[in-house]
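Listing of query.pdb; format and content: PDB, C-alpha atoms, pLDDT in the B column.
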```pdb
ATOM      1  CA  MET A   1      10.559  57.549 -97.442  1.00 51.00           C
ATOM      2  CA  LYS A   2      13.380  57.176 -99.955  1.00 50.00           C
ATOM      3  CA  ARG A   3      11.196  54.882-102.110  1.00 48.00           C
ATOM      4  CA  LEU A   4       8.420  57.461-102.098  1.00 42.00           C
ATOM      5  CA  TRP A   5      10.777  60.138-103.455  1.00 41.00           C
ATOM      6  CA  ILE A   6      12.041  57.815-106.171  1.00 46.00           C
ATOM      7  CA  LEU A   7       8.460  56.996-107.151  1.00 39.00           C
ATOM      8  CA  LEU A   8       7.473  60.668-107.221  1.00 42.00           C
ATOM      9  CA  LEU A   9      10.504  61.553-109.350  1.00 47.00           C
ATOM     10  CA  THR A  10       9.976  58.756-111.886  1.00 46.00           C
ATOM     11  CA  LEU A  11       6.176  58.967-112.156  1.00 45.00           C
ATOM     12  CA  PRO A  12       6.163  61.957-114.557  1.00 50.00           C
ATOM     13  CA  VAL A  13       8.637  60.180-116.832  1.00 48.00           C
ATOM     14  CA  LEU A  14       6.622  56.959-116.841  1.00 47.00           C
ATOM     15  CA  SER A  15       3.335  58.719-117.521  1.00 50.00           C
ATOM     16  CA  CYS A  16       4.586  60.666-120.587  1.00 60.00           C
ATOM     17  CA  ASN A  17       3.409  59.305-123.893  1.00 62.00           C
ATOM     18  CA  PRO A  18       6.041  59.260-126.630  1.00 65.00           C
ATOM     19  CA  PRO A  19       5.086  61.160-129.786  1.00 71.00           C
ATOM     20  CA  GLN A  20       3.216  59.210-132.423  1.00 82.00           C
ATOM     21  CA  ARG A  21       5.434  58.296-135.394  1.00 87.00           C
ATOM     22  CA  ASN A  22       3.568  56.640-138.261  1.00 91.00           C
ATOM     23  CA  CYS A  23       6.218  57.677-140.760  1.00 95.00           C
ATOM     24  CA  GLU A  24       5.157  55.182-143.425  1.00 94.00           C
ATOM     25  CA  LEU A  25       2.014  57.290-143.993  1.00 93.00           C
ATOM     26  CA  PHE A  26       4.238  60.124-145.243  1.00 96.00           C
ATOM     27  CA  ARG A  27       6.747  58.354-147.481  1.00 95.00           C
ATOM     28  CA  ASP A  28       4.722  59.224-150.591  1.00 96.00           C
ATOM     29  CA  GLY A  29       2.292  62.037-151.300  1.00 96.00           C
ATOM     30  CA  THR A  30       1.955  65.762-151.873  1.00 97.00           C
ATOM     31  CA  PHE A  31       2.696  68.101-148.979  1.00 97.00           C
ATOM     32  CA  THR A  32       2.949  71.799-148.122  1.00 95.00           C
ATOM     33  CA  PHE A  33       5.398  73.476-145.787  1.00 92.00           C
ATOM     34  CA  THR A  34       5.275  77.158-144.770  1.00 90.00           C
ATOM     35  CA  ALA A  35       8.337  78.974-143.430  1.00 86.00           C
ATOM     36  CA  THR A  36       9.394  82.545-142.754  1.00 84.00           C
ATOM     37  CA  VAL A  37      12.147  83.719-145.119  1.00 82.00           C
ATOM     38  CA  ASP A  38      13.452  87.284-144.820  1.00 87.00           C
ATOM     39  CA  GLY A  39      10.420  88.234-142.749  1.00 90.00           C
ATOM     40  CA  GLN A  40       7.851  86.874-145.219  1.00 88.00           C
ATOM     41  CA  GLU A  41       5.882  83.645-145.077  1.00 91.00           C
ATOM     42  CA  VAL A  42       6.525  81.415-148.081  1.00 89.00           C
ATOM     43  CA  THR A  43       4.970  78.067-148.892  1.00 91.00           C
ATOM     44  CA  THR A  44       6.666  75.175-150.621  1.00 92.00           C
ATOM     45  CA  THR A  45       4.648  72.381-152.181  1.00 95.00           C
ATOM     46  CA  PHE A  46       6.443  69.095-152.715  1.00 95.00           C
ATOM     47  CA  THR A  47       5.556  65.648-154.002  1.00 96.00           C
ATOM     48  CA  ARG A  48       7.512  62.609-152.894  1.00 96.00           C
ATOM     49  CA  ARG A  49       7.260  59.317-154.805  1.00 94.00           C
ATOM     50  CA  ASP A  50       9.658  56.452-154.181  1.00 88.00           C
ATOM     51  CA  SER A  51      13.153  57.922-154.513  1.00 95.00           C
ATOM     52  CA  LEU A  52      12.190  61.276-156.084  1.00 97.00           C
ATOM     53  CA  GLU A  53      10.950  64.504-154.503  1.00 97.00           C
ATOM     54  CA  THR A  54       9.815  67.430-156.663  1.00 96.00           C
ATOM     55  CA  SER A  55       9.238  70.787-154.974  1.00 94.00           C
ATOM     56  CA  THR A  56       7.847  74.120-156.097  1.00 91.00           C
ATOM     57  CA  TYR A  57       9.035  77.206-154.249  1.00 85.00           C
ATOM     58  CA  ASN A  58       8.684  80.815-155.327  1.00 84.00           C
ATOM     59  CA  GLY A  59       7.574  79.755-158.823  1.00 87.00           C
ATOM     60  CA  GLN A  60      10.544  77.460-159.414  1.00 89.00           C
ATOM     61  CA  THR A  61      10.474  73.674-159.540  1.00 93.00           C
ATOM     62  CA  ASP A  62      13.364  71.536-158.316  1.00 93.00           C
ATOM     63  CA  SER A  63      13.949  67.808-157.965  1.00 96.00           C
ATOM     64  CA  ALA A  64      15.895  65.817-155.419  1.00 97.00           C
ATOM     65  CA  ARG A  65      16.823  62.197-154.914  1.00 97.00           C
ATOM     66  CA  VAL A  66      15.423  60.601-151.741  1.00 97.00           C
ATOM     67  CA  ARG A  67      17.439  57.925-149.946  1.00 97.00           C
ATOM     68  CA  TRP A  68      15.639  56.479-146.920  1.00 97.00           C
ATOM     69  CA  ILE A  69      17.904  55.625-143.975  1.00 96.00           C
ATOM     70  CA  ASN A  70      15.072  54.081-141.953  1.00 96.00           C
ATOM     71  CA  ASP A  71      11.273  54.477-141.732  1.00 94.00           C
ATOM     72  CA  CYS A  72      11.537  58.032-140.361  1.00 97.00           C
ATOM     73  CA  GLU A  73      14.790  59.465-141.767  1.00 97.00           C
ATOM     74  CA  TYR A  74      16.015  60.206-145.259  1.00 97.00           C
ATOM     75  CA  ILE A  75      18.654  62.139-147.184  1.00 97.00           C
ATOM     76  CA  LEU A  76      17.672  64.649-149.897  1.00 96.00           C
ATOM     77  CA  THR A  77      20.196  65.358-152.651  1.00 97.00           C
ATOM     78  CA  ASP A  78      19.441  68.026-155.267  1.00 95.00           C
ATOM     79  CA  LEU A  79      19.515  66.541-158.781  1.00 96.00           C
ATOM     80  CA  ASN A  80      20.448  69.804-160.555  1.00 91.00           C
ATOM     81  CA  PRO A  81      22.290  72.042-158.113  1.00 92.00           C
ATOM     82  CA  ASP A  82      23.141  75.567-159.274  1.00 89.00           C
ATOM     83  CA  SER A  83      25.913  75.952-156.715  1.00 91.00           C
ATOM     84  CA  ARG A  84      28.133  74.005-154.372  1.00 91.00           C
ATOM     85  CA  ALA A  85      25.862  74.950-151.476  1.00 86.00           C
ATOM     86  CA  GLU A  86      22.820  73.459-153.235  1.00 87.00           C
ATOM     87  CA  ALA A  87      24.788  70.259-153.892  1.00 92.00           C
ATOM     88  CA  ARG A  88      25.089  69.528-150.164  1.00 95.00           C
ATOM     89  CA  PRO A  89      22.643  66.815-149.075  1.00 97.00           C
ATOM     90  CA  ILE A  90      20.034  67.487-146.389  1.00 96.00           C
ATOM     91  CA  HIS A  91      19.232  65.068-143.575  1.00 97.00           C
ATOM     92  CA  MET A  92      15.487  64.933-142.834  1.00 97.00           C
ATOM     93  CA  LYS A  93      14.046  63.303-139.708  1.00 97.00           C
ATOM     94  CA  ILE A  94      10.343  62.883-138.969  1.00 97.00           C
ATOM     95  CA  LEU A  95       9.885  63.539-135.248  1.00 96.00           C
ATOM     96  CA  SER A  96       6.136  63.050-134.838  1.00 96.00           C
ATOM     97  CA  THR A  97       3.035  62.517-136.953  1.00 96.00           C
ATOM     98  CA  THR A  98      -0.675  63.218-136.850  1.00 95.00           C
ATOM     99  CA  GLU A  99      -3.382  62.044-139.212  1.00 93.00           C
ATOM    100  CA  ASN A 100      -2.525  64.666-141.860  1.00 95.00           C
ATOM    101  CA  SER A 101       0.831  66.213-140.882  1.00 96.00           C
ATOM    102  CA  TYR A 102       4.302  65.492-139.627  1.00 96.00           C
ATOM    103  CA  THR A 103       6.821  67.520-137.668  1.00 96.00           C
ATOM    104  CA  PHE A 104      10.362  67.180-138.915  1.00 96.00           C
ATOM    105  CA  GLU A 105      13.899  68.303-138.261  1.00 96.00           C
ATOM    106  CA  TYR A 106      16.324  69.074-141.071  1.00 95.00           C
ATOM    107  CA  LYS A 107      19.984  69.989-141.370  1.00 96.00           C
ATOM    108  CA  LEU A 108      22.819  69.867-143.845  1.00 95.00           C
ATOM    109  CA  VAL A 109      24.602  66.523-143.671  1.00 95.00           C
ATOM    110  CA  GLY A 110      27.693  66.854-141.497  1.00 92.00           C
ATOM    111  CA  THR A 111      26.434  69.830-139.482  1.00 93.00           C
ATOM    112  CA  SER A 112      24.815  69.982-136.079  1.00 93.00           C
ATOM    113  CA  GLN A 113      22.566  73.037-136.496  1.00 94.00           C
ATOM    114  CA  ALA A 114      19.041  71.813-137.232  1.00 94.00           C
ATOM    115  CA  SER A 115      15.751  73.535-137.932  1.00 92.00           C
ATOM    116  CA  ARG A 116      12.214  72.273-137.466  1.00 93.00           C
ATOM    117  CA  GLY A 117       9.043  72.493-139.461  1.00 93.00           C
ATOM    118  CA  THR A 118       5.660  70.885-140.025  1.00 95.00           C
ATOM    119  CA  ALA A 119       4.500  69.522-143.374  1.00 96.00           C
ATOM    120  CA  TYR A 120       0.811  69.029-144.154  1.00 97.00           C
ATOM    121  CA  LYS A 121      -0.588  66.439-146.519  1.00 96.00           C
ATOM    122  CA  ALA A 122      -2.307  68.202-149.434  1.00 91.00           C
ATOM    123  CA  GLN A 123      -5.956  67.355-150.026  1.00 67.00           C
TER     124      GLN A 123
END
```

Rewritten as structure tokens:
Amino acid sequence: MKRLWILLLTLPVLSCNPPQRNCELFRDGTFTFTATVDGQEVTTTFTRRDSLETSTYNGQTDSARVRWINDCEYILTDLNPDSRAEARPIHMKILSTTENSYTFEYKLVGTSQASRGTAYKAQ
């Protein structure tokens, strides 16, 4: 009877499929990300090539250095920060991927509060 309970408790864990993570498909390319800022939806378009990411948000273009930690995590550092806050690097982590999108988590380096989003590969 005890073995049956152990089997029943572990079966759901064993049958769960881990999320797909083909991060190498998203190292380079052009992507869009939509977020809600001050109650309004805004879209950022960004292009990542090698160690450079250029983004356009609200009509302004910005560039950041990309330093890959591993296949699915990287650090973004603004190349031309306007303030001390903008100079703080951001830790990005790809959590799962699909054919044309990836879900990611991001936070300021050295903090624990993270946010999530989904980026879509531009056609």

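For the residues A:Ala87, A:Leu25, A:Leu52, A:Ala64, ranking by smallest atom-to-atom distance to Glu99 (chain A) using all atoms listed in the file places A:Leu25 first.
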
Answer as a PyMOL selection string, residues within 8 Å of (2.8, 65.5, -142.1) using all atoms listed in the file | chain A and resi 26+31+97-103+118-121

Extract, using all atoms listed in the file, all DNA, RNA and protein residues at most 10 Å from Arg48 (chain A), discarding same-chain residues fewer than 3 positions from it, and format them as a ChimeraX atom specification.
-> /A:26-31,51-55,63-66

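Atom pair CA of Thr34 (chain A) / CA of Asn70 (chain A) has a distance of 25.2 Å (rounded to one decimal).
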
What's the 12 Å shell around Val37 (chain A), counting all atoms listed in the file, without same-chain residues fewer than 5 positions away, as a ChimeraX atom specification?
-> /A:42-44,57-58

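Restricting the calculation to only C-alpha atoms, the smallest distance between Tyr106 (chain A) and any of A:Asp71, A:Leu76, A:Asp62, A:Pro81 is found for A:Leu76.
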
Provide the CA of Phe104 (chain A) to CA of Ile69 (chain A) distance in Å, to one decimal place.
-> 14.7 Å

May I have the residues within 7 Å of region 90-95 of chain A as a PyMOL selection string, using all atoms listed in the file and disregarding those fewer than 2 positions away in the same chain?
-> chain A and resi 21+23+72-77+88+102-109

Closest of A:Ala114, A:Ala122, A:Ala85, A:Ala35 to Thr47 (chain A) - atom-to-atom distances counting all atoms listed in the file | A:Ala122

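What separates CA of Gly39 (chain A) from CA of Gln113 (chain A) is a distance of 20.4 Å.
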
Axis-aligned box for all listed atoms of region 82-95 of chain A, 3 Å per side, centre and edges in Å to one decimal, as AutoDock Vina command-line options:
```
--center_x 19.0 --center_y 69.4 --center_z -147.3 --size_x 24.2 --size_y 19.1 --size_z 30.0
```

Please, can region 52-88 of chain A be completed to N, CA and C atoms and returned as a PDB file, keeping the file's coordinate frame?
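Result file is result_31.pdb:
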```
ATOM      1  N   LEU A  52      12.159  59.955-155.468  1.00 97.00           N
ATOM      2  CA  LEU A  52      12.190  61.276-156.084  1.00 97.00           C
ATOM      3  C   LEU A  52      11.259  62.237-155.342  1.00 97.00           C
ATOM      4  N   GLU A  53      11.772  63.449-155.090  1.00 97.00           N
ATOM      5  CA  GLU A  53      10.950  64.504-154.503  1.00 97.00           C
ATOM      6  C   GLU A  53      11.046  65.723-155.411  1.00 97.00           C
ATOM      7  N   THR A  54       9.892  66.239-155.824  1.00 96.00           N
ATOM      8  CA  THR A  54       9.815  67.430-156.663  1.00 96.00           C
ATOM      9  C   THR A  54       9.149  68.526-155.847  1.00 96.00           C
ATOM     10  N   SER A  55       9.791  69.691-155.776  1.00 94.00           N
ATOM     11  CA  SER A  55       9.238  70.787-154.974  1.00 94.00           C
ATOM     12  C   SER A  55       9.079  72.036-155.829  1.00 94.00           C
ATOM     13  N   THR A  56       8.075  72.833-155.457  1.00 91.00           N
ATOM     14  CA  THR A  56       7.847  74.120-156.097  1.00 91.00           C
ATOM     15  C   THR A  56       7.908  75.188-155.021  1.00 91.00           C
ATOM     16  N   TYR A  57       8.824  76.124-155.214  1.00 85.00           N
ATOM     17  CA  TYR A  57       9.035  77.206-154.249  1.00 85.00           C
ATOM     18  C   TYR A  57       9.263  78.490-155.028  1.00 85.00           C
ATOM     19  N   ASN A  58       8.499  79.504-154.727  1.00 84.00           N
ATOM     20  CA  ASN A  58       8.684  80.815-155.327  1.00 84.00           C
ATOM     21  C   ASN A  58       8.639  80.744-156.865  1.00 84.00           C
ATOM     22  N   GLY A  59       7.753  79.883-157.378  1.00 87.00           N
ATOM     23  CA  GLY A  59       7.574  79.755-158.823  1.00 87.00           C
ATOM     24  C   GLY A  59       8.592  78.884-159.525  1.00 87.00           C
ATOM     25  N   GLN A  60       9.522  78.302-158.798  1.00 89.00           N
ATOM     26  CA  GLN A  60      10.544  77.460-159.414  1.00 89.00           C
ATOM     27  C   GLN A  60      10.386  76.023-158.938  1.00 89.00           C
ATOM     28  N   THR A  61      10.586  75.094-159.861  1.00 93.00           N
ATOM     29  CA  THR A  61      10.474  73.674-159.540  1.00 93.00           C
ATOM     30  C   THR A  61      11.869  73.065-159.482  1.00 93.00           C
ATOM     31  N   ASP A  62      12.073  72.192-158.506  1.00 93.00           N
ATOM     32  CA  ASP A  62      13.364  71.536-158.316  1.00 93.00           C
ATOM     33  C   ASP A  62      13.117  70.082-157.963  1.00 93.00           C
ATOM     34  N   SER A  63      14.074  69.237-158.260  1.00 96.00           N
ATOM     35  CA  SER A  63      13.949  67.808-157.965  1.00 96.00           C
ATOM     36  C   SER A  63      15.130  67.344-157.126  1.00 96.00           C
ATOM     37  N   ALA A  64      14.849  66.371-156.271  1.00 97.00           N
ATOM     38  CA  ALA A  64      15.895  65.817-155.419  1.00 97.00           C
ATOM     39  C   ALA A  64      15.717  64.307-155.312  1.00 97.00           C
ATOM     40  N   ARG A  65      16.840  63.641-155.147  1.00 97.00           N
ATOM     41  CA  ARG A  65      16.823  62.197-154.914  1.00 97.00           C
ATOM     42  C   ARG A  65      16.574  61.969-153.429  1.00 97.00           C
ATOM     43  N   VAL A  66      15.742  60.967-153.123  1.00 97.00           N
ATOM     44  CA  VAL A  66      15.423  60.601-151.741  1.00 97.00           C
ATOM     45  C   VAL A  66      16.058  59.246-151.451  1.00 97.00           C
ATOM     46  N   ARG A  67      16.863  59.200-150.390  1.00 97.00           N
ATOM     47  CA  ARG A  67      17.439  57.925-149.946  1.00 97.00           C
ATOM     48  C   ARG A  67      17.031  57.723-148.495  1.00 97.00           C
ATOM     49  N   TRP A  68      16.137  56.751-148.266  1.00 97.00           N
ATOM     50  CA  TRP A  68      15.639  56.479-146.920  1.00 97.00           C
ATOM     51  C   TRP A  68      16.699  55.751-146.111  1.00 97.00           C
ATOM     52  N   ILE A  69      16.960  56.246-144.913  1.00 96.00           N
ATOM     53  CA  ILE A  69      17.904  55.625-143.975  1.00 96.00           C
ATOM     54  C   ILE A  69      17.163  54.598-143.131  1.00 96.00           C
ATOM     55  N   ASN A  70      15.958  54.969-142.694  1.00 96.00           N
ATOM     56  CA  ASN A  70      15.072  54.081-141.953  1.00 96.00           C
ATOM     57  C   ASN A  70      13.645  54.590-142.194  1.00 96.00           C
ATOM     58  N   ASP A  71      12.669  54.082-141.489  1.00 94.00           N
ATOM     59  CA  ASP A  71      11.273  54.477-141.732  1.00 94.00           C
ATOM     60  C   ASP A  71      11.009  55.963-141.539  1.00 94.00           C
ATOM     61  N   CYS A  72      11.816  56.635-140.713  1.00 97.00           N
ATOM     62  CA  CYS A  72      11.537  58.032-140.361  1.00 97.00           C
ATOM     63  C   CYS A  72      12.642  59.016-140.735  1.00 97.00           C
ATOM     64  N   GLU A  73      13.695  58.568-141.404  1.00 97.00           N
ATOM     65  CA  GLU A  73      14.790  59.465-141.767  1.00 97.00           C
ATOM     66  C   GLU A  73      15.218  59.222-143.208  1.00 97.00           C
ATOM     67  N   TYR A  74      15.539  60.334-143.888  1.00 97.00           N
ATOM     68  CA  TYR A  74      16.015  60.206-145.259  1.00 97.00           C
ATOM     69  C   TYR A  74      16.973  61.345-145.591  1.00 97.00           C
ATOM     70  N   ILE A  75      17.708  61.149-146.690  1.00 97.00           N
ATOM     71  CA  ILE A  75      18.654  62.139-147.184  1.00 97.00           C
ATOM     72  C   ILE A  75      18.123  62.657-148.514  1.00 97.00           C
ATOM     73  N   LEU A  76      18.070  63.994-148.647  1.00 96.00           N
ATOM     74  CA  LEU A  76      17.672  64.649-149.897  1.00 96.00           C
ATOM     75  C   LEU A  76      18.919  65.181-150.585  1.00 96.00           C
ATOM     76  N   THR A  77      19.076  64.856-151.871  1.00 97.00           N
ATOM     77  CA  THR A  77      20.196  65.358-152.651  1.00 97.00           C
ATOM     78  C   THR A  77      19.648  65.998-153.914  1.00 97.00           C
ATOM     79  N   ASP A  78      19.922  67.272-154.107  1.00 95.00           N
ATOM     80  CA  ASP A  78      19.441  68.026-155.267  1.00 95.00           C
ATOM     81  C   ASP A  78      19.981  67.385-156.550  1.00 95.00           C
ATOM     82  N   LEU A  79      19.098  67.162-157.529  1.00 96.00           N
ATOM     83  CA  LEU A  79      19.515  66.541-158.781  1.00 96.00           C
ATOM     84  C   LEU A  79      20.210  67.519-159.728  1.00 96.00           C
ATOM     85  N   ASN A  80      19.871  68.797-159.656  1.00 91.00           N
ATOM     86  CA  ASN A  80      20.448  69.804-160.555  1.00 91.00           C
ATOM     87  C   ASN A  80      20.870  71.039-159.768  1.00 91.00           C
ATOM     88  N   PRO A  81      21.891  70.896-158.942  1.00 92.00           N
ATOM     89  CA  PRO A  81      22.290  72.042-158.113  1.00 92.00           C
ATOM     90  C   PRO A  81      22.901  73.158-158.965  1.00 92.00           C
ATOM     91  N   ASP A  82      22.581  74.401-158.595  1.00 89.00           N
ATOM     92  CA  ASP A  82      23.141  75.567-159.274  1.00 89.00           C
ATOM     93  C   ASP A  82      24.433  76.037-158.616  1.00 89.00           C
ATOM     94  N   SER A  83      24.707  75.532-157.435  1.00 91.00           N
ATOM     95  CA  SER A  83      25.913  75.952-156.715  1.00 91.00           C
ATOM     96  C   SER A  83      26.406  74.798-155.844  1.00 91.00           C
ATOM     97  N   ARG A  84      27.582  74.999-155.293  1.00 91.00           N
ATOM     98  CA  ARG A  84      28.133  74.005-154.372  1.00 91.00           C
ATOM     99  C   ARG A  84      27.268  73.854-153.129  1.00 91.00           C
ATOM    100  N   ALA A  85      26.719  74.973-152.669  1.00 86.00           N
ATOM    101  CA  ALA A  85      25.862  74.950-151.476  1.00 86.00           C
ATOM    102  C   ALA A  85      24.613  74.117-151.730  1.00 86.00           C
ATOM    103  N   GLU A  86      24.013  74.240-152.907  1.00 87.00           N
ATOM    104  CA  GLU A  86      22.820  73.459-153.235  1.00 87.00           C
ATOM    105  C   GLU A  86      23.137  71.980-153.420  1.00 87.00           C
ATOM    106  N   ALA A  87      24.390  71.655-153.686  1.00 92.00           N
ATOM    107  CA  ALA A  87      24.788  70.259-153.892  1.00 92.00           C
ATOM    108  C   ALA A  87      24.915  69.495-152.577  1.00 92.00           C
ATOM    109  N   ARG A  88      24.952  70.207-151.455  1.00 95.00           N
ATOM    110  CA  ARG A  88      25.089  69.528-150.164  1.00 95.00           C
ATOM    111  C   ARG A  88      23.791  68.830-149.801  1.00 95.00           C
TER     112      ARG A  88
END
```
